[in-house]
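Q: One structure, pasted below without further comment.
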Amino acid sequence: GQAEKLLIQFPGFLDGADCSFEREACYVAIPSTISPLAGLVFSMPDFIGKPIRSLLMIIPRWMTPKAEPYGGVAEIYPGSATSPASLKRIFQDPDGRDVNIITGVTEFRGKLYLGSLHENCIAIYNLD
């Protein structure tokens, strides 16, 4: 198969995704916002941006900008043969106080179960 872009313009980088057939929605983890530097690099044409991204990957971690605390999940409608994909809503913890760096999300019986790289628990968000 071939990958296609479903939706663009999210408020941050995307990670784990899961779909709920019961709710006809997919949920995508947003572990961090896009820093101004990353936004600049990703806005560049590929012939410039790709080499810069490659260089940034070899910079020692202590020299890279630290990620701001953030937690987010996007709820999307994946689309069908008759209607396009759309962003339904975004759930955010903009300061990362309750849950930070969400990397996985699963919906079950009206609740989102959230996994994180920085928490020692599974967070639960009630959708109803």
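Labels for the structure tokens follow display order: chains A, B, ..., residues from 1 in each chain, ligands from 1.
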Quick one: contact table of range 65-98 of chain A to range 16-40 of chain A, 6 Å max, nearest atom pair and distance in Å to one decimal per residue, counting only C-alpha atoms, chain and number order, as a Markdown table?

A:
| residue | atom | partner | partner_atom | distance |
| --- | --- | --- | --- | --- |
| A:Tyr70 | CA | A:Ser32 | CA | 5.5 |
| A:Gly71 | CA | A:Pro31 | CA | 5.6 |
| A:Gly72 | CA | A:Ile30 | CA | 4.8 |
| A:Val73 | CA | A:Ala29 | CA | 4.7 |
| A:Ala74 | CA | A:Val28 | CA | 5.2 |
| A:Glu75 | CA | A:Tyr27 | CA | 4.7 |
| A:Ile76 | CA | A:Cys26 | CA | 5.2 |
| A:Tyr77 | CA | A:Ala25 | CA | 4.9 |

Q: Would you mind exporting the chosen residues as a compact mmCIF listing (two decimals), in the first residue's frame, restricted to N, CA and C atoms?

A:
# COMPACT_ATOMS: atom_id res chain seq x y z
N TYR A 70 3.65 19.22 28.20
CA TYR A 70 2.41 19.32 27.43
C TYR A 70 1.80 17.93 27.33
N GLY A 71 0.50 17.87 27.29
CA GLY A 71 -0.21 16.62 27.03
C GLY A 71 -1.40 16.90 26.14
N GLY A 72 -1.59 16.10 25.12
CA GLY A 72 -2.71 16.34 24.23
C GLY A 72 -3.14 15.08 23.50
N VAL A 73 -4.42 15.06 23.13
CA VAL A 73 -5.00 13.98 22.33
C VAL A 73 -5.93 14.62 21.32
N ALA A 74 -5.84 14.20 20.07
CA ALA A 74 -6.75 14.67 19.02
C ALA A 74 -7.76 13.57 18.72
N GLU A 75 -9.01 13.96 18.60
CA GLU A 75 -10.08 13.04 18.18
C GLU A 75 -10.41 13.39 16.74
N ILE A 76 -10.28 12.43 15.86
CA ILE A 76 -10.54 12.70 14.45
C ILE A 76 -11.57 11.73 13.89
N TYR A 77 -12.29 12.20 12.90
CA TYR A 77 -13.17 11.35 12.11
C TYR A 77 -12.34 10.93 10.92

Q: Where in range 16-110 of chain A does DSSP assign strand (DSSP E or B), given as an MDAnalysis selection string?

A: chainID A and resid 17:20 25:30 32:33 71:77 86:93 102:108

Q: Using only C-alpha atoms, find the one residue out of A:Ala85, A:Arg53, A:Phe42, A:Asp98 that sits nearest to Leu114 in chain A.

A: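 So, comparing all the options, the nearest one is A:Asp98.
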
Q: From chain A, collect each residue whose DSSP state is helix (DSSP H, G or I) and return the set as a PyMOL selection string.

A: chain A and resi 36-43+46-57+61-63

Q: Residues of the last selection are to be written out with N, CA and C atoms, as a PDB file, in the first residue's frame.

A:
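Wrote it out as selection_36.pdb, contents follow:
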ATOM      1  N   PRO A  36       9.463  26.604  18.201  1.00  0.00           N
ATOM      2  CA  PRO A  36       9.697  27.526  17.085  1.00  0.00           C
ATOM      3  C   PRO A  36      10.811  27.046  16.136  1.00  0.00           C
ATOM      4  N   LEU A  37      11.891  26.465  16.699  1.00  0.00           N
ATOM      5  CA  LEU A  37      12.978  25.966  15.858  1.00  0.00           C
ATOM      6  C   LEU A  37      12.490  24.826  14.963  1.00  0.00           C
ATOM      7  N   ALA A  38      11.759  23.862  15.550  1.00  0.00           N
ATOM      8  CA  ALA A  38      11.248  22.739  14.762  1.00  0.00           C
ATOM      9  C   ALA A  38      10.257  23.228  13.711  1.00  0.00           C
ATOM     10  N   GLY A  39       9.411  24.179  14.075  1.00  0.00           N
ATOM     11  CA  GLY A  39       8.466  24.732  13.113  1.00  0.00           C
ATOM     12  C   GLY A  39       9.175  25.364  11.923  1.00  0.00           C
ATOM     13  N   LEU A  40      10.254  26.070  12.213  1.00  0.00           N
ATOM     14  CA  LEU A  40      11.036  26.691  11.152  1.00  0.00           C
ATOM     15  C   LEU A  40      11.651  25.629  10.242  1.00  0.00           C
ATOM     16  N   VAL A  41      12.270  24.624  10.830  1.00  0.00           N
ATOM     17  CA  VAL A  41      12.932  23.577  10.037  1.00  0.00           C
ATOM     18  C   VAL A  41      11.909  22.807   9.203  1.00  0.00           C
ATOM     19  N   PHE A  42      10.747  22.471   9.777  1.00  0.00           N
ATOM     20  CA  PHE A  42       9.743  21.708   9.038  1.00  0.00           C
ATOM     21  C   PHE A  42       9.035  22.544   7.974  1.00  0.00           C
ATOM     22  N   SER A  43       9.135  23.872   8.060  1.00  0.00           N
ATOM     23  CA  SER A  43       8.516  24.719   7.036  1.00  0.00           C
ATOM     24  C   SER A  43       9.423  24.907   5.817  1.00  0.00           C
ATOM     25  N   ASP A  46      12.106  20.491   1.431  1.00  0.00           N
ATOM     26  CA  ASP A  46      12.812  19.257   1.810  1.00  0.00           C
ATOM     27  C   ASP A  46      14.295  19.284   1.498  1.00  0.00           C
ATOM     28  N   PHE A  47      14.699  19.869   0.365  1.00  0.00           N
ATOM     29  CA  PHE A  47      16.115  19.839   0.012  1.00  0.00           C
ATOM     30  C   PHE A  47      16.972  20.634   1.001  1.00  0.00           C
ATOM     31  N   ILE A  48      16.357  21.538   1.775  1.00  0.00           N
ATOM     32  CA  ILE A  48      17.071  22.272   2.824  1.00  0.00           C
ATOM     33  C   ILE A  48      16.778  21.655   4.195  1.00  0.00           C
ATOM     34  N   GLY A  49      15.497  21.393   4.450  1.00  0.00           N
ATOM     35  CA  GLY A  49      15.069  20.923   5.763  1.00  0.00           C
ATOM     36  C   GLY A  49      15.597  19.551   6.142  1.00  0.00           C
ATOM     37  N   LYS A  50      15.626  18.610   5.189  1.00  0.00           N
ATOM     38  CA  LYS A  50      16.087  17.255   5.506  1.00  0.00           C
ATOM     39  C   LYS A  50      17.542  17.230   5.968  1.00  0.00           C
ATOM     40  N   PRO A  51      18.476  17.890   5.286  1.00  0.00           N
ATOM     41  CA  PRO A  51      19.857  17.895   5.808  1.00  0.00           C
ATOM     42  C   PRO A  51      19.967  18.559   7.177  1.00  0.00           C
ATOM     43  N   ILE A  52      19.201  19.623   7.398  1.00  0.00           N
ATOM     44  CA  ILE A  52      19.244  20.283   8.706  1.00  0.00           C
ATOM     45  C   ILE A  52      18.701  19.352   9.787  1.00  0.00           C
ATOM     46  N   ARG A  53      17.601  18.645   9.499  1.00  0.00           N
ATOM     47  CA  ARG A  53      17.056  17.681  10.472  1.00  0.00           C
ATOM     48  C   ARG A  53      18.064  16.583  10.769  1.00  0.00           C
ATOM     49  N   SER A  54      18.782  16.128   9.733  1.00  0.00           N
ATOM     50  CA  SER A  54      19.809  15.107   9.943  1.00  0.00           C
ATOM     51  C   SER A  54      20.919  15.625  10.853  1.00  0.00           C
ATOM     52  N   LEU A  55      21.340  16.867  10.649  1.00  0.00           N
ATOM     53  CA  LEU A  55      22.370  17.460  11.513  1.00  0.00           C
ATOM     54  C   LEU A  55      21.874  17.598  12.950  1.00  0.00           C
ATOM     55  N   LEU A  56      20.628  18.009  13.112  1.00  0.00           N
ATOM     56  CA  LEU A  56      20.079  18.180  14.455  1.00  0.00           C
ATOM     57  C   LEU A  56      19.996  16.855  15.221  1.00  0.00           C
ATOM     58  N   MET A  57      19.869  15.744  14.493  1.00  0.00           N
ATOM     59  CA  MET A  57      19.781  14.436  15.154  1.00  0.00           C
ATOM     60  C   MET A  57      21.107  13.991  15.754  1.00  0.00           C
ATOM     61  N   ARG A  61      22.347  15.563  23.218  1.00  0.00           N
ATOM     62  CA  ARG A  61      21.055  15.887  23.856  1.00  0.00           C
ATOM     63  C   ARG A  61      21.111  17.141  24.718  1.00  0.00           C
ATOM     64  N   TRP A  62      22.227  17.344  25.411  1.00  0.00           N
ATOM     65  CA  TRP A  62      22.312  18.495  26.311  1.00  0.00           C
ATOM     66  C   TRP A  62      22.307  19.818  25.552  1.00  0.00           C
ATOM     67  N   MET A  63      22.554  19.773  24.236  1.00  0.00           N
ATOM     68  CA  MET A  63      22.557  20.995  23.429  1.00  0.00           C
ATOM     69  C   MET A  63      21.202  21.275  22.766  1.00  0.00           C
TER      70      MET A  63
END

Q: One decimal, Å: what's the distance from CA of Pro69 in chain A over to CA of Arg97 in chain A, could you say?

A: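 These atoms are spaced 7.8 Å apart.
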